[in-house]
Every structure is written in C-alpha cells, then in structure tokens.
Amino acid sequence: MTTILAQIHMTASDCVTPKRHKMQFENLNISEPLQRALIKEGYTTPTPIQAQAIPHLLKGEDLMGIAQTGTGKTAAFVLPVLQMMAQTHKVAAPGVPRALVLAPTRELAAQIDASFGTYGQFLRFRHAAVYGGVNQGPQVRALSRGVDTLVATPGRLLDLMDQGYINLKDVEFFVLDEADRMLDMGFANDVRKIVSKLPQKRHSLFFAATMSRQIGELAGRLLTHPVRIEVAPQATTVESVEQRMFFVDQNNKDALLLGLLQQKNLKRVLVFTRTKRRADKVASVLSKNRIRSDAIHGNKSQNQRTQALSGFKSGRLQVLVATDIAARGIDVEDITHVINYDLPNEAESYVHRVGRTGRAGASGTAYSFCSAEERGHLRDIEKLTRAKIGEMEHRYHSEDAKRGAGSGAKGGPRRQGAAPRGIGRTVVQKSGPRKSDAPRPGPRKSDPPRPGPRKSDAPGSGPRRSGRTPARR
Ligand code: AMP
C-alpha cells in the first residue's frame, strides 16, 4: 500500500497564532486567483491546519481533521477544493454539484457558502447553500442555474433530493464538517443516506472537534487511507482565551451579568444559556436594562436569527444570547467575551463555547457562572480540559456554589490534593484577572447600581435540562 498515512499533531496555541509560522500561502502552491482573494481578506500566513492540510488535499488525499472552529479549518478545505475544481473546466449541470459540504446548522452552512464566495471571488464558479427554516424557492432557483459547490444541512438536502432538485451522482469532493455535532444532533441516519448516494470514487474530507469511537467509525466508512491532522489536543480549550469562574447563586446570575456588562471592554459578548426559554429570559432582562441584546435559538424563525446575527456582527447589538446548537458555527470576529450564564451539561460544549472568542489569533475572555446545582458540570469541564479555571472574586460570590452545597447541589469540588493537573499543552489559569478587564472584586461606591435579582429567577427555577431532540434542518 503506497498511500501515505500521516499523523500530524499541533498544539492548541499553534492553531490560533498563524503569525508565528513562517509559511506563506504562496509556498503552498495556492493558485493566483485564490492568493489574490486571500490578500484582499488580509490573510498572508496560513494557520497550522491550512499549512498542514492543503498540500495533502492538493495531492488528492482524503483527510481526517480534528480541529475546533476558530482554527481556520474552513479555508483549509475551501481553498484546495476550489483550486482543484478550477483545474478541470466543467459546466455545472442544474442540481448536480461537483462539491458537497455537509454542515450541521444553517448558520454554519451559510458561513461556509460565504467562504466559497469570498475565497473564490476571482474564479468563475457557482455556489449555493441549502438549509431548512426558510422557503425553498430561492434555493431551488439557484440549483436550477447549476451549482459547482453546494453547502447543505442534511434535512433540507434530503428533502430537495427526494423532490428531484439535487442529484449527487457527480460529486467529486465531499466534506463532512463538524461531524461530532452532526451525530450529537441526531443526523447519523441522514448522513448515511446522503453518503449512499455519493459516487464511490470521490475525494472525502472529514472534520470533527473531538474524537470518539463513533466518530472514528464514521470516518472509517467515509474515508480511504486518510491523512489525519489534529490541530488541538482533544478537548483542550483555546490557550489565548482567558478563563474565569464566578461562583454565584442561581438567583444572582442576572445581577452579576448586568454588573459585568457595565464594563466598557465587554464590547461584543456572546452569552450562553442551556435552554431556549432561558435565552429569551436573559435577553429580555438585558433589554429592560437598556443593554442592546437579542436571543438566537432553534425556536426563532430563520429571519429572526439572521437579523440577530447581523445586528451582533455589525455592532448594533452588544450582546447575543444563544443556546449551544444555535451558536454552533457562528463566526463573528472580535467577540471580546463569552459568558456562560449556565454551565453546559456536556463538558465538550464548554470547549466549543470558549472557542467563539479568541479566534484566529485574537485574545478573548470567557466568564462562567457556576451555581451550586452546576458544581458537577464544572468538575466535568475541568476533568475534560485538564486545567483548573481560575476563580474570580466578585460581590455576588456564593460559598454554597463553590462548595456545591445546598439542596440543588450536584457534585462538589474535588477533594484537596486531587485538583486537576495542568499538563502539557493545556493552561492552568492564573487566579488573578487581567488588568484590562478585571471586574472589581468587591462593591465600591463607584460601582454601577446593583440591579436586584428578578422574581422570575428565584431559587428553584433552576435550569431545565435541554433535551437532545434530533432536529431536521
Ligand atoms: P474557521 O475555523 O474556519 O471558522 O475560521 C476562523 C476565523 O479565522 C474566520 O473568521 C476566518 O476568516 C479566519 N481565518 C481563516 N484563515 C485565516 C488566516 N490564514 N489568517 C487569519 N485569519 C484566518
């Protein structure tokens, strides 16, 4: 067997600091029209996943990439796919794409499609995205004009295939993005159905943020002798992100959030809640306190989601409150802070959330609120990331939350001496805040007025567990 099976590992810090690497795009044999687009975007230096993946992909090898969002993985596949497609001049037939990218959410699909447009702006090709939650009419019209690259969420793709608008018989390049989230969202069967319609002979690329047995099996079915590239050790949080934990009672979380948002440097803040209802509630508390904010989650119409996202991108909104699934794939530059209003009940989600800030070399800050009920989740997060998150002193500090005491408490802190070890490439956070954005430790006269907790947030109205309902998108 002559196929190369390469295994390349890079550190988490590598993946967010492209400038440390001397490699330039021109050394990667990227074609001139693509280089021109990159220069226009201000990108001269490939990120590690780009530097490592592009040469293999241009040779036609299959790829398995273990990479979080924020590593530049989209360009790592969009650039070679466009370059290889441009080498053979074919006219795209209606509804018969040459490249298919599957993504778990509408937002991610729209963003990948926009990346095809951006990087391919000096090439002649047609691109489109299809996803649920919007009228299929414009998508069907785009398909009928012929598309070279198609980005799709599984549900809408299958619908349009069933209706005869899409045929996958000529797919040369197949990319499965965020495969782990795809499985989490219950798309395994849909993916299987879609893959069964692809030609056997194709170039396949597979990306996941984390590795598991299930993911390994799926990759094994889809890929042929793949090169494996891992840009962040599994579940390591992005090093450029400053992380802080606030122990707080559930009924003080609104007040803590409002207090933090008074600080000038919290300019573009993504707040995570565990449930859609809570996302709405937090956004409404913020709006009542004159903080420019909106919520984004699966119960919102596509138009509402698009509007909220564009308001956040343009800076009209200071805060976007989101659930994990809705926030998946949101690529907004310069998110200064991620705030975990609720800790996620799946530790991996913490890594994804934190990765929303500190993207592509920028620094960022992640604040997390932990109530007594969530103490067990914190323990899971620290176990997974193998790093202890520094505690922040603040005026709403709760010893019960810290000790995991009280009626709703689940899982206390570790016993003394069993603290998680910061190993290798993970960072053990220092306990002090950064000077620039440290919330003041205790109440001071000059502090913003202390907004009182709202009745609706009374203890006992703790977070509901969000179900893992498979959603067709
Ligand atoms: P991704 O991981 O694909 O979601 O990309 C994260 C962000 O990095 C996006 O905003 C990209 O536009 C940006 N990006 C991609 N490649 C580069 C690069 N070579 N240099 C700087 N930023 C990049």
# chains A, B, ... in the order shown; residues from 1 in each chain; ligands from 1

$ residues_near_ligand --ligand "ligand 1" --cutoff "7 Å" --atoms "only C-alpha atoms and all ligand atoms" --output "NGL selection string"
:A and (18 or 43-47 or 68-75 or 329 or 331-333 or 359-360)

$ write_last_selection --atoms "C-alpha atoms" --output "PDB file, in the first residue's frame"
ATOM      1  CA  PRO A  18      -0.809  31.882  12.481  1.00  0.00           C
ATOM      2  CA  TYR A  43      -4.555  36.732   5.091  1.00  0.00           C
ATOM      3  CA  THR A  44      -0.931  36.079   4.161  1.00  0.00           C
ATOM      4  CA  THR A  45       0.052  33.381   6.605  1.00  0.00           C
ATOM      5  CA  PRO A  46      -1.751  30.054   6.681  1.00  0.00           C
ATOM      6  CA  THR A  47      -2.909  28.780  10.032  1.00  0.00           C
ATOM      7  CA  GLN A  68     -12.150  23.190  16.559  1.00  0.00           C
ATOM      8  CA  THR A  69     -13.789  26.151  14.924  1.00  0.00           C
ATOM      9  CA  GLY A  70     -11.522  29.150  15.045  1.00  0.00           C
ATOM     10  CA  THR A  71      -8.548  27.246  13.629  1.00  0.00           C
ATOM     11  CA  GLY A  72      -9.138  28.331  10.050  1.00  0.00           C
ATOM     12  CA  LYS A  73     -10.397  24.889   9.035  1.00  0.00           C
ATOM     13  CA  THR A  74     -12.964  26.262   6.583  1.00  0.00           C
ATOM     14  CA  ALA A  75     -10.323  27.810   4.344  1.00  0.00           C
ATOM     15  CA  GLY A 329     -20.654  27.707  13.719  1.00  0.00           C
ATOM     16  CA  ASP A 331     -18.283  33.035  13.009  1.00  0.00           C
ATOM     17  CA  VAL A 332     -18.287  36.549  14.346  1.00  0.00           C
ATOM     18  CA  GLU A 333     -14.947  38.244  14.538  1.00  0.00           C
ATOM     19  CA  ARG A 359     -10.466  33.300  17.160  1.00  0.00           C
ATOM     20  CA  ALA A 360      -7.628  33.268  14.663  1.00  0.00           C
TER      21      ALA A 360
END

$ select_by_dssp --residues "region 197-365 of chain A" --states "helix (DSSP H, G or I)" --output "PyMOL selection string"
chain A and resi 213-222+250-261+276-288+302-314+324-327+347-354+359-361

$ closest_residue --among "A:Gln307, A:Thr105, A:Ser293, A:Ser398" --to "Arg268 (chain A)" --atoms "only C-alpha atoms"
A:Ser293

$ select_by_dssp --residues "region 233-401 of chain A" --states "strand (DSSP E)" --output "count of residues only"
32

$ residues_around --residues "Asp400 (chain A)" --least-positions-apart "3" --cutoff "8 Å" --atoms "only C-alpha atoms" --output "PyMOL selection string"
chain A and resi 249+371-372+403-406

$ write_last_selection --atoms "C-alpha atoms" --output "compact mmCIF listing (two decimals), in the first residue's frame"
# COMPACT_ATOMS: atom_id res chain seq x y z
CA ASP A 249 -26.32 31.55 43.37
CA SER A 371 -24.22 27.77 40.89
CA ALA A 372 -24.37 25.00 43.48
CA ARG A 403 -18.64 24.04 47.78
CA GLY A 404 -21.53 22.56 45.84
CA ALA A 405 -23.65 22.79 48.95
CA GLY A 406 -27.38 23.31 49.24

$ residues_around --residues "Val91 (chain A)" --least-positions-apart "3" --cutoff "9 Å" --atoms "only C-alpha atoms" --output "list in words"
Phe125, Gly146, Val147 and Asp148 of chain A

$ closest_residue --among "A:Ala188, A:Ile339, A:Leu82, A:Met23" --to "Thr118 (chain A)" --atoms "only C-alpha atoms"
A:Leu82

$ atom_distance --atom1 "CA of Asp184 (chain A)" --atom2 "CA of Ile325 (chain A)"
9.9 Å

$ closest_residue --among "A:Leu266, A:Ala142, A:Met182, A:Ala322" --to "Asp280 (chain A)" --atoms "only C-alpha atoms"
A:Ala322

$ closest_residue --among "A:Arg305, A:Arg274, A:Arg228, A:Arg124" --to "Ile49 (chain A)" --atoms "only C-alpha atoms"
A:Arg228
